[in-house]
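Raw data21.txt, compact mmCIF, C-alpha atoms:
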```
# COMPACT_ATOMS: atom_id res chain seq x y z
CA MET E 330 25.10 -10.88 -37.14
CA GLN E 331 23.88 -13.69 -34.95
CA PRO E 332 26.30 -15.04 -32.37
CA VAL E 333 27.63 -18.57 -32.84
CA ILE E 334 26.29 -21.06 -30.34
CA ASN E 335 28.85 -23.64 -29.17
CA ILE E 336 27.25 -26.98 -28.41
CA ALA E 337 28.55 -30.22 -26.90
CA VAL E 338 26.77 -33.57 -26.88
CA VAL E 339 26.99 -36.13 -24.07
CA GLU E 340 25.39 -39.39 -25.20
CA ASP E 341 26.51 -43.02 -25.08
CA ASN E 342 24.41 -44.27 -28.01
CA THR E 343 26.39 -43.79 -31.22
CA ASP E 344 23.31 -43.52 -33.47
CA ILE E 345 21.93 -40.71 -31.37
CA GLN E 346 25.37 -39.07 -31.26
CA GLU E 347 25.37 -39.04 -35.05
CA MET E 348 21.80 -37.80 -35.36
CA VAL E 349 22.27 -34.89 -32.99
CA GLY E 350 25.72 -34.13 -34.41
CA THR E 351 24.29 -33.92 -37.91
CA ILE E 352 21.52 -31.59 -36.79
CA ILE E 353 24.03 -29.29 -35.12
CA LYS E 354 26.45 -29.32 -38.04
CA SER E 355 23.68 -28.49 -40.51
CA ASN E 356 22.92 -25.17 -38.84
CA ASN E 357 25.09 -22.14 -39.62
CA GLN E 358 24.56 -20.61 -36.21
CA PHE E 359 25.75 -23.72 -34.37
CA GLN E 360 29.24 -25.02 -33.70
CA LEU E 361 29.69 -28.62 -32.48
CA THR E 362 32.49 -28.45 -29.92
CA GLY E 363 32.58 -32.14 -29.03
CA VAL E 364 30.73 -35.42 -28.69
CA PHE E 365 31.28 -37.42 -25.49
CA SER E 366 30.20 -40.93 -24.52
CA THR E 367 30.56 -40.34 -20.80
CA ALA E 368 29.91 -37.49 -18.42
CA GLU E 369 33.43 -37.85 -17.02
CA THR E 370 35.15 -37.19 -20.35
CA PHE E 371 32.88 -34.20 -20.93
CA ILE E 372 33.63 -32.67 -17.52
CA SER E 373 37.38 -33.15 -18.10
CA SER E 374 37.12 -31.43 -21.46
CA LEU E 375 35.81 -28.30 -19.79
CA GLN E 376 39.35 -27.46 -18.71
CA ILE E 377 40.13 -26.87 -22.36
CA GLU E 378 36.91 -25.63 -23.87
CA MET E 379 33.48 -24.71 -22.59
CA PRO E 380 30.39 -24.88 -24.79
CA ASP E 381 27.43 -22.57 -24.35
CA ILE E 382 24.97 -25.46 -24.39
CA VAL E 383 25.32 -29.16 -23.67
CA ILE E 384 22.83 -31.74 -24.89
CA MET E 385 22.92 -34.25 -22.04
CA ASP E 386 21.60 -37.79 -21.91
CA LEU E 387 20.46 -38.95 -18.47
CA GLY E 388 21.25 -42.67 -18.64
CA LEU E 389 25.03 -42.68 -18.94
CA PRO E 390 27.58 -45.28 -17.85
CA GLY E 391 29.51 -44.16 -14.77
CA MET E 392 28.57 -40.63 -13.69
CA SER E 393 24.88 -40.01 -14.38
CA GLY E 394 23.54 -37.10 -16.40
CA VAL E 395 21.96 -35.66 -13.25
CA GLU E 396 25.29 -35.67 -11.40
CA ALA E 397 26.97 -34.02 -14.37
CA ILE E 398 24.26 -31.34 -14.43
CA GLN E 399 24.84 -30.70 -10.73
CA ILE E 400 28.56 -30.17 -11.34
CA ILE E 401 27.90 -27.86 -14.27
CA SER E 402 25.31 -25.85 -12.33
CA THR E 403 27.76 -25.12 -9.55
CA GLN E 404 31.16 -24.92 -11.21
CA TYR E 405 30.39 -23.94 -14.79
CA THR E 406 27.43 -21.68 -14.37
CA LYS E 407 27.54 -20.23 -17.87
CA ILE E 408 26.88 -23.59 -19.49
CA HIS E 409 23.23 -24.48 -20.00
CA CYS E 410 22.12 -28.12 -20.01
CA ILE E 411 19.35 -29.46 -22.20
CA VAL E 412 18.40 -32.97 -21.14
CA PHE E 413 17.78 -35.30 -24.08
CA THR E 414 16.40 -38.63 -22.91
CA ILE E 415 13.82 -41.38 -23.22
CA HIS E 416 13.04 -41.10 -19.51
CA ASP E 417 9.93 -39.10 -18.76
CA SER E 418 8.89 -39.97 -15.23
CA ASN E 419 8.06 -37.21 -12.76
CA GLN E 420 11.07 -38.38 -10.77
CA ASN E 421 13.49 -37.94 -13.68
CA VAL E 422 12.11 -34.54 -14.57
CA PHE E 423 12.19 -33.36 -10.98
CA GLU E 424 15.75 -34.58 -10.43
CA ALA E 425 17.03 -33.00 -13.61
CA LEU E 426 15.45 -29.64 -12.95
CA THR E 427 16.47 -29.67 -9.29
CA ALA E 428 20.04 -30.30 -10.44
CA GLY E 429 19.82 -27.20 -12.63
CA ALA E 430 18.84 -28.38 -16.09
CA CYS E 431 17.66 -25.62 -18.41
CA GLY E 432 15.61 -27.70 -20.84
CA TYR E 433 14.21 -31.21 -21.13
CA LEU E 434 13.57 -32.92 -24.45
CA LEU E 435 12.31 -36.42 -25.05
CA LYS E 436 13.99 -38.59 -27.64
CA GLY E 437 11.06 -38.38 -30.04
CA ALA E 438 11.83 -34.72 -30.66
CA GLY E 439 12.37 -33.87 -34.32
CA LYS E 440 15.12 -31.80 -35.89
CA GLU E 441 13.10 -28.60 -35.83
CA LYS E 442 12.29 -28.95 -32.14
CA ILE E 443 15.93 -29.64 -31.27
CA VAL E 444 17.15 -26.61 -33.23
CA GLN E 445 14.48 -24.35 -31.74
CA SER E 446 15.27 -25.62 -28.27
CA ILE E 447 18.99 -24.86 -28.57
CA ILE E 448 18.24 -21.32 -29.71
CA SER E 449 15.56 -20.84 -27.05
CA CYS E 450 17.86 -22.04 -24.28
CA PHE E 451 20.64 -19.74 -25.52
CA GLU E 452 18.23 -16.79 -25.55
CA GLY E 453 16.97 -17.29 -21.99
CA GLY E 454 14.15 -19.77 -22.30
CA SER E 455 13.66 -23.27 -20.95
CA PRO E 456 12.54 -25.48 -23.82
CA MET E 457 10.70 -28.65 -22.96
CA SER E 458 8.81 -31.32 -24.85
CA SER E 459 5.08 -30.63 -24.57
CA SER E 460 4.30 -33.50 -22.26
CA ILE E 461 7.26 -32.63 -20.05
CA ALA E 462 6.10 -29.03 -19.67
CA ARG E 463 2.74 -30.42 -18.58
CA LYS E 464 4.47 -32.65 -16.01
CA VAL E 465 6.44 -29.69 -14.69
CA VAL E 466 3.27 -27.67 -14.24
CA GLU E 467 1.56 -30.61 -12.55
CA ILE E 468 4.50 -30.99 -10.18
CA MET E 469 4.10 -27.34 -9.25
CA TYR E 470 0.39 -27.86 -8.78
CA LYS E 471 1.05 -30.53 -6.21
CA LYS E 472 2.39 -28.55 -3.33
CA ASN E 473 4.15 -31.41 -1.62
CA ASN E 474 6.48 -32.24 -4.46
CA LEU E 475 9.44 -32.72 -2.13
CA ILE E 476 8.37 -36.35 -1.99
CA LEU E 477 9.81 -36.75 -5.46
CA LEU E 478 13.30 -36.41 -3.97
CA LEU E 479 12.75 -39.83 -2.45
CA SER E 480 12.83 -43.15 -4.26
CA HIS E 481 9.64 -45.21 -4.34
CA ARG E 482 10.89 -47.44 -1.57
CA GLU E 483 11.84 -44.45 0.57
CA GLN E 484 8.36 -43.02 -0.04
CA ASP E 485 6.84 -46.32 1.14
CA VAL E 486 8.93 -46.24 4.32
CA LEU E 487 7.98 -42.62 4.97
CA GLN E 488 4.32 -43.45 4.46
CA GLY E 489 4.75 -46.22 7.03
CA LEU E 490 6.21 -43.74 9.50
CA LYS E 491 3.34 -41.37 8.82
CA ASP E 492 0.87 -44.17 9.50
CA GLY E 493 2.50 -44.67 12.88
CA LEU E 494 4.08 -48.05 12.18
CA SER E 495 7.15 -49.17 14.06
CA TYR E 496 10.33 -49.92 12.11
CA GLN E 497 9.63 -53.62 12.63
CA GLU E 498 6.11 -53.25 11.27
CA ILE E 499 7.37 -51.34 8.27
CA ALA E 500 9.96 -54.05 7.63
CA GLN E 501 7.25 -56.70 7.70
CA LYS E 502 4.88 -54.70 5.56
CA LEU E 503 7.44 -54.07 2.85
CA ASP E 504 9.01 -57.50 3.19
CA ILE E 505 12.46 -56.14 3.90
CA SER E 506 14.85 -56.41 6.83
CA LEU E 507 14.89 -54.05 9.79
CA HIS E 508 18.42 -53.09 8.78
CA THR E 509 17.18 -52.06 5.34
CA VAL E 510 14.41 -49.96 6.89
CA ARG E 511 17.02 -48.14 8.97
CA THR E 512 19.13 -47.56 5.85
CA TYR E 513 16.16 -46.06 4.02
CA ILE E 514 15.35 -43.83 6.97
CA ARG E 515 18.93 -42.51 7.07
CA ALA E 516 18.69 -41.76 3.37
CA ILE E 517 15.35 -39.98 3.86
CA TYR E 518 16.80 -37.76 6.60
CA GLU E 519 19.75 -36.89 4.42
CA LYS E 520 17.71 -36.08 1.32
CA LEU E 521 15.20 -33.96 3.21
CA GLN E 522 17.89 -32.40 5.40
CA VAL E 523 16.06 -33.26 8.63
CA HIS E 524 17.03 -35.01 11.86
CA SER E 525 13.85 -36.67 13.04
CA LYS E 526 10.82 -38.66 11.98
CA THR E 527 8.52 -35.77 12.87
CA GLU E 528 10.51 -33.27 10.83
CA ALA E 529 10.51 -35.61 7.85
CA ILE E 530 6.76 -36.19 8.03
CA ASN E 531 6.03 -32.51 8.49
CA LYS E 532 8.28 -31.52 5.61
CA ILE E 533 6.49 -33.80 3.18
CA PHE E 534 2.95 -34.03 4.43
CA LYS E 535 2.21 -30.73 6.11
CA SER E 536 -0.54 -28.86 4.32
CA TYR E 537 0.33 -25.40 3.11
CA MET H 508 -15.37 -41.87 -48.20
CA VAL H 509 -15.92 -40.52 -44.77
CA THR H 510 -13.60 -37.81 -43.56
CA ALA H 511 -13.52 -37.39 -39.80
CA ILE H 512 -14.43 -33.84 -38.95
CA LYS H 513 -12.14 -32.64 -36.23
CA GLN H 514 -14.00 -30.79 -33.55
CA LYS H 515 -13.04 -27.15 -33.40
CA ILE H 516 -11.38 -26.05 -30.19
CA LYS H 517 -13.82 -23.87 -28.25
CA VAL H 518 -12.03 -20.84 -26.84
CA SER H 519 -13.25 -18.20 -24.41
CA ILE H 520 -11.41 -14.95 -23.82
CA ILE H 521 -11.48 -13.11 -20.50
CA GLU H 522 -9.68 -9.80 -20.95
CA ASN H 523 -10.56 -6.34 -19.73
CA ASP H 524 -8.52 -4.52 -22.37
CA LYS H 525 -11.24 -4.26 -25.02
CA PHE H 526 -8.86 -3.48 -27.83
CA PHE H 527 -6.65 -6.44 -27.08
CA ALA H 528 -9.62 -8.74 -26.52
CA ASP H 529 -11.26 -7.82 -29.79
CA SER H 530 -8.03 -8.05 -31.79
CA LEU H 531 -7.36 -11.46 -30.29
CA GLN H 532 -10.89 -12.63 -31.08
CA LEU H 533 -10.40 -11.56 -34.68
CA ILE H 534 -7.10 -13.43 -35.02
CA LEU H 535 -8.46 -16.59 -33.42
CA SER H 536 -11.66 -16.64 -35.44
CA ARG H 537 -9.49 -16.77 -38.58
CA GLN H 538 -8.03 -20.09 -37.38
CA GLU H 539 -9.72 -23.12 -38.93
CA SER H 540 -9.05 -25.24 -35.89
CA MET H 541 -10.81 -23.10 -33.32
CA VAL H 542 -13.93 -21.12 -32.62
CA VAL H 543 -14.26 -18.27 -30.14
CA VAL H 544 -17.38 -19.08 -28.19
CA GLU H 545 -17.40 -15.86 -26.19
CA THR H 546 -15.29 -12.88 -25.20
CA PHE H 547 -15.71 -11.45 -21.72
CA TYR H 548 -14.34 -8.18 -20.41
CA SER H 549 -14.48 -9.16 -16.76
CA ALA H 550 -14.19 -12.26 -14.62
CA GLU H 551 -17.67 -11.64 -13.15
CA ASP H 552 -19.28 -11.73 -16.59
CA ALA H 553 -17.39 -14.87 -17.49
CA ILE H 554 -18.25 -16.73 -14.32
CA GLY H 555 -21.94 -16.30 -15.04
CA GLU H 556 -21.68 -17.97 -18.44
CA ILE H 557 -18.79 -20.44 -18.29
CA LYS H 558 -20.93 -23.15 -16.70
CA HIS H 559 -23.07 -23.24 -19.85
CA LEU H 560 -20.37 -22.62 -22.42
CA LYS H 561 -17.85 -25.13 -21.06
CA PRO H 562 -15.07 -24.00 -23.41
CA ASP H 563 -12.08 -26.24 -24.07
CA ILE H 564 -9.65 -23.38 -23.52
CA ILE H 565 -9.99 -20.21 -21.50
CA LEU H 566 -7.57 -17.37 -22.19
CA LEU H 567 -7.40 -15.41 -18.98
CA ASP H 568 -5.72 -12.13 -18.18
CA ILE H 569 -4.70 -11.75 -14.57
CA ASP H 570 -4.96 -8.02 -14.27
CA LEU H 571 -8.61 -7.39 -14.71
CA GLY H 572 -8.48 -3.83 -13.50
CA LYS H 573 -10.77 -2.52 -10.88
CA PHE H 574 -13.12 -5.49 -10.80
CA LYS H 575 -13.59 -7.32 -7.56
CA LYS H 576 -12.14 -10.56 -8.76
CA THR H 577 -8.58 -10.62 -9.96
CA GLY H 578 -7.71 -13.11 -12.65
CA LEU H 579 -5.69 -15.27 -10.23
CA GLU H 580 -8.64 -15.68 -7.90
CA ALA H 581 -10.94 -16.38 -10.82
CA ILE H 582 -8.94 -19.45 -11.91
CA LYS H 583 -10.34 -21.62 -9.14
CA ASP H 584 -13.88 -20.35 -9.63
CA LEU H 585 -13.75 -21.00 -13.36
CA LEU H 586 -12.41 -24.52 -12.91
CA ALA H 587 -15.10 -25.25 -10.33
CA LEU H 588 -17.75 -24.35 -12.87
CA SER H 589 -16.11 -26.01 -15.86
CA SER H 590 -13.60 -28.58 -14.69
CA LYS H 591 -12.60 -29.77 -18.16
CA SER H 592 -11.67 -26.30 -19.34
CA GLN H 593 -7.96 -25.67 -19.60
CA ILE H 594 -6.83 -22.24 -18.58
CA MET H 595 -4.04 -20.36 -20.29
CA ILE H 596 -2.95 -17.14 -18.67
CA LEU H 597 -2.35 -14.37 -21.21
CA THR H 598 -0.84 -11.35 -19.52
CA ILE H 599 1.88 -8.72 -19.41
CA PHE H 600 3.04 -9.86 -15.97
CA GLU H 601 5.96 -12.25 -15.74
CA GLU H 602 6.89 -11.99 -12.08
CA TYR H 603 7.59 -15.39 -10.61
CA GLU H 604 5.08 -14.95 -7.79
CA LYS H 605 2.24 -14.50 -10.27
CA VAL H 606 3.36 -17.41 -12.42
CA PHE H 607 3.67 -19.67 -9.40
CA GLU H 608 0.27 -18.67 -8.01
CA ALA H 609 -1.45 -19.12 -11.38
CA LEU H 610 0.00 -22.60 -11.85
CA GLN H 611 -0.73 -23.58 -8.24
CA ASN H 612 -4.35 -22.53 -8.72
CA GLY H 613 -4.66 -24.79 -11.74
CA ALA H 614 -3.71 -22.77 -14.82
CA LEU H 615 -2.01 -25.02 -17.36
CA GLY H 616 -0.33 -22.45 -19.57
CA TYR H 617 1.21 -19.01 -19.14
CA ILE H 618 1.87 -16.79 -22.13
CA LEU H 619 2.97 -13.18 -22.30
CA LYS H 620 1.05 -10.69 -24.41
CA SER H 621 4.35 -9.62 -25.93
CA ASP H 622 4.52 -12.94 -27.81
CA THR H 623 3.50 -12.81 -31.48
CA SER H 624 -0.01 -13.81 -32.48
CA GLU H 625 1.49 -16.87 -34.19
CA LYS H 626 3.02 -17.92 -30.88
CA ILE H 627 -0.27 -17.36 -29.09
CA VAL H 628 -2.11 -19.53 -31.60
CA GLU H 629 0.64 -22.17 -31.33
CA ALA H 630 0.27 -22.09 -27.56
CA ILE H 631 -3.47 -22.69 -27.75
CA MET H 632 -2.88 -25.70 -30.02
CA ASP H 633 -0.15 -26.98 -27.69
CA LEU H 634 -2.43 -26.67 -24.66
CA ALA H 635 -5.29 -28.40 -26.46
CA SER H 636 -3.03 -31.35 -27.28
CA GLY H 637 -1.81 -31.86 -23.71
CA GLY H 638 1.12 -29.50 -23.35
CA SER H 639 1.72 -26.61 -21.01
CA PRO H 640 2.88 -23.72 -23.14
CA MET H 641 4.90 -21.04 -21.41
CA SER H 642 6.67 -18.04 -22.92
CA PRO H 643 10.44 -18.64 -22.86
CA THR H 644 11.27 -16.32 -19.96
CA VAL H 645 8.34 -17.70 -17.97
CA ALA H 646 9.50 -21.27 -18.57
CA ARG H 647 12.99 -20.29 -17.44
CA LYS H 648 11.64 -18.86 -14.19
CA VAL H 649 9.71 -22.07 -13.61
CA THR H 650 12.69 -24.38 -14.18
CA GLN H 651 14.96 -22.17 -12.10
CA SER H 652 12.55 -22.42 -9.20
CA PHE H 653 13.35 -26.13 -9.06
CA TYR H 654 17.06 -25.55 -8.90
CA ASN H 655 17.72 -26.24 -5.27
CA LYS H 656 20.79 -24.38 -4.26
CA LYS H 657 20.73 -25.92 -0.80
CA ASN H 658 21.42 -29.37 -2.14
CA VAL H 659 24.54 -28.39 -4.00
CA THR H 660 27.89 -27.26 -2.65
CA HIS H 661 28.47 -23.51 -2.82
CA PRO H 662 31.10 -22.34 -5.24
CA LEU H 663 32.02 -19.40 -3.00
CA SER H 664 34.04 -19.49 0.22
CA GLU H 665 32.48 -18.44 3.52
CA ARG H 666 34.12 -15.02 3.32
CA GLU H 667 33.01 -14.50 -0.26
CA THR H 668 29.45 -15.55 0.67
CA GLU H 669 29.53 -13.05 3.52
CA ILE H 670 30.61 -10.25 1.20
CA ILE H 671 28.12 -10.98 -1.57
CA THR H 672 25.33 -11.12 1.00
CA PHE H 673 26.22 -7.65 2.30
CA ILE H 674 26.39 -6.33 -1.26
CA SER H 675 22.94 -7.78 -1.98
CA LYS H 676 21.61 -5.80 0.97
CA GLY H 677 22.84 -2.59 -0.60
CA PHE H 678 26.06 -1.92 1.32
CA SER H 679 28.86 -0.24 -0.59
CA GLU H 680 32.30 -1.86 -0.81
CA LYS H 681 33.60 0.70 1.67
CA GLU H 682 30.81 -0.12 4.15
CA VAL H 683 31.39 -3.86 3.75
CA ALA H 684 35.11 -3.30 4.38
CA SER H 685 34.45 -1.47 7.61
CA LYS H 686 31.84 -4.03 8.71
CA LEU H 687 34.29 -6.87 8.25
CA PHE H 688 37.33 -4.99 9.51
CA LEU H 689 39.12 -5.47 6.21
CA SER H 690 40.70 -3.00 3.85
CA PRO H 691 38.72 -1.82 0.80
CA PHE H 692 41.52 -3.32 -1.29
CA THR H 693 40.88 -6.76 0.20
CA ILE H 694 37.17 -6.43 -0.46
CA LYS H 695 37.90 -5.49 -4.06
CA LYS H 696 40.09 -8.57 -4.39
CA HIS H 697 37.36 -10.83 -2.96
CA ILE H 698 34.80 -9.29 -5.31
CA SER H 699 36.97 -9.92 -8.32
CA ASN H 700 37.36 -13.55 -7.16
CA ILE H 701 33.59 -13.80 -6.79
CA TYR H 702 33.13 -12.57 -10.36
CA GLU H 703 35.62 -15.15 -11.57
CA LYS H 704 34.06 -18.07 -9.68
CA LEU H 705 30.56 -17.19 -10.83
CA GLN H 706 31.83 -16.38 -14.33
CA VAL H 707 30.18 -12.96 -14.46
CA ASN H 708 31.33 -9.41 -15.22
CA SER H 709 28.96 -7.26 -13.23
CA ARG H 710 27.48 -6.87 -9.79
CA THR H 711 23.94 -7.50 -11.09
CA ASP H 712 25.00 -10.71 -12.81
CA ALA H 713 26.85 -11.83 -9.69
CA LEU H 714 23.80 -11.28 -7.50
CA ASN H 715 21.52 -12.98 -10.01
CA SER H 716 23.86 -15.92 -10.39
CA PHE H 717 24.29 -16.47 -6.68
CA PHE H 718 20.81 -15.74 -5.41
CA GLY H 719 18.85 -16.80 -8.47
CA ASN H 720 16.87 -14.31 -10.51
CA PHE H 721 13.16 -14.57 -9.89
```
Translate the structure of the given file into structure tokens.
Amino acid sequence: MQPVINIAVVEDNTDIQEMVGTIIKSNNQFQLTGVFSTAETFISSLQIEMPDIVIMDLGLPGMSGVEAIQIISTQYTKIHCIVFTIHDSNQNVFEALTAGACGYLLKGAGKEKIVQSIISCFEGGSPMSSSIARKVVEIMYKKNNLILLLSHREQDVLQGLKDGLSYQEIAQKLDISLHTVRTYIRAIYEKLQVHSKTEAINKIFKSY
Amino acid sequence: MVTAIKQKIKVSIIENDKFFADSLQLILSRQESMVVVETFYSAEDAIGEIKHLKPDIILLDIDLGKFKKTGLEAIKDLLALSSKSQIMILTIFEEYEKVFEALQNGALGYILKSDTSEKIVEAIMDLASGGSPMSPTVARKVTQSFYNKKNVTHPLSERETEIITFISKGFSEKEVASKLFLSPFTIKKHISNIYEKLQVNSRTDALNSFFGNF
């Protein structure tokens, strides 16, 4: 007899909540443990009951899907997260996977794909929409994918540093204040876990 | 009425296991949507012809036996000769190092031979329409490689991390106890806490959960 898969849904759009809920309820192997409009309410609920799989939206009010995935990956390691979102940028995909997401589905995915993905994730796979899988492979192909940890603005600032510009020159080039440049640089150091300009540049741009 | 004739997907097979290669060719040639343009039993043979054939999809094994070129090395050569070809690795090997190297060299799909022939056909169709098919366990290894443990706070205390690290190196509980000047009872207690924090029931699961299973 097949084991029952307990599934929770975290999604702030009520239509999508209903759609995914219906799909889960229509399958004998699945049990819908709860539907949550915010990541916070979902995380709180874990004190009482833990699903096997959570279908997680990324764009949530308050705590983001990525933050929730990070918490689940560290404190609730048996729960697997399948991202279910409209967002498909390399940045989103990279952040979600780096946080520990198991699967990544785009909101065009049909019922069959969603069902298959839940089962696949439960059985040790990492289901992804076709185009997302291609993005993942392309990210791996580009060796210096650490740059995706940085926002576009931070990438611009780092590029400026690489080009040998002073902070003032970077500020002028990007039409921002010197103070803002310094803030971006602090953020870059923190994200890359480095302490100097040289380290940051080497970490991102060194050829392997 | 004009019906658009969809171009058949041109597939080449590079596989040194003759039996597998021929069985695969038979299965694929039964598919309406594709045509096997050539089956090669070595990378050397393939490299000679690929430039002319320019297949849409190349199914490539990465253990090509005693031949000079391994499948992994051949990926770059094949893409140099036929840049629009999309390479799908079809192999028994699922070690992360091989997957990573294949994808870094430019392969766009990675399927295990243990998958059913239906899955293999599905994968070819997926690849042809812009996806990157990977067998489930392969996909899991790929996504786990992104999971950056350094950026997240550790669930285990410093002492627990110390203990699990010794265990991963093969020390027995008794040896860990003596190394840390603690009683075996204390070590046992720490280990049971580790299991609880990581939500596992066995040493193997604990090590996999903490260090990641590649």
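Of the listed residues (E:Lys354, E:His524, E:Lys471, E:Lys436), E:Lys471 comes nearest to chain H; the distances count all atoms listed in the file.
Between CA of Arg515 (chain E) and CA of Ser480 (chain E) there is a distance of 12.9 Å.
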Just the residues within 12 Å of Glu369 (chain E), please, counting all atoms listed in the file, with nothing from its chain fewer than 4 positions along; format it as a count of residues only. 18
Mind listing as a ChimeraX atom specification which residues of chain H are within 9 Å of chain E, counting all atoms listed in the file? /H:607,610-616,633-634,636-656,658-662,704-707,716
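Contact shell of Asn700 (chain H) at 10 Å (only C-alpha atoms; same-chain neighbours under 6 positions omitted): H:Leu663, H:Glu667, H:Ile694, H:Gln706.
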Gln497 (chain E) environment, 10 Å, only C-alpha atoms, sequence neighbours closer than 6 positions dropped, as JSON, numbers by chain: {"E": [505, 506, 507, 508, 510, 511]}
(18.0, -22.4, -33.2) in this file's frame - what residues fall within 12 Å of it? Use all atoms listed in the file and give the answer as a ChimeraX atom specification. /E:331-336,352-360,382,440-452,454,456
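Proximity to Thr546 (chain H) was assessed for H:Met595, H:Ile534, H:Leu566, H:Ala630 counting all atoms listed in the file; the smallest distance is recorded for H:Leu566.
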Suppose you want the space between CA of Ala529 (chain E) and CA of Leu478 (chain E); what is it in Å? 12.2 Å
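Using only C-alpha atoms for every distance, the candidate list E:Leu435, E:Ile517, E:Ile408, E:Tyr496 yields E:Leu435 as the residue closest to Asn421 (chain E).
A straight line drawn from CA of Phe600 (chain H) to CA of Glu522 (chain H) is 13.7 Å long.
In this comparison, which uses all atoms listed in the file, the residue of E:Val383, E:Ile514, E:Ala368, E:Ile499 approaching Val338 (chain E) most closely is E:Val383.
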Skip region 552-557 of chain H itself and residues of its chain fewer than 3 positions away, then list as an MDAnalysis selection string all residues within 7 Å of it, counting only C-alpha atoms. chainID H and resid 521 547 549 560:561 585 588:589
Could you work out an axis-aligned bounding box for all listed atoms of region 360-374 of chain E, with 3 Å added on each of the six sides, and give its centre and edge lengths in Å to one decimal, as JSON?
```
{"center_x": 33.3, "center_y": -33.0, "center_z": -25.4, "size_x": 14.1, "size_y": 21.9, "size_z": 22.7}
```
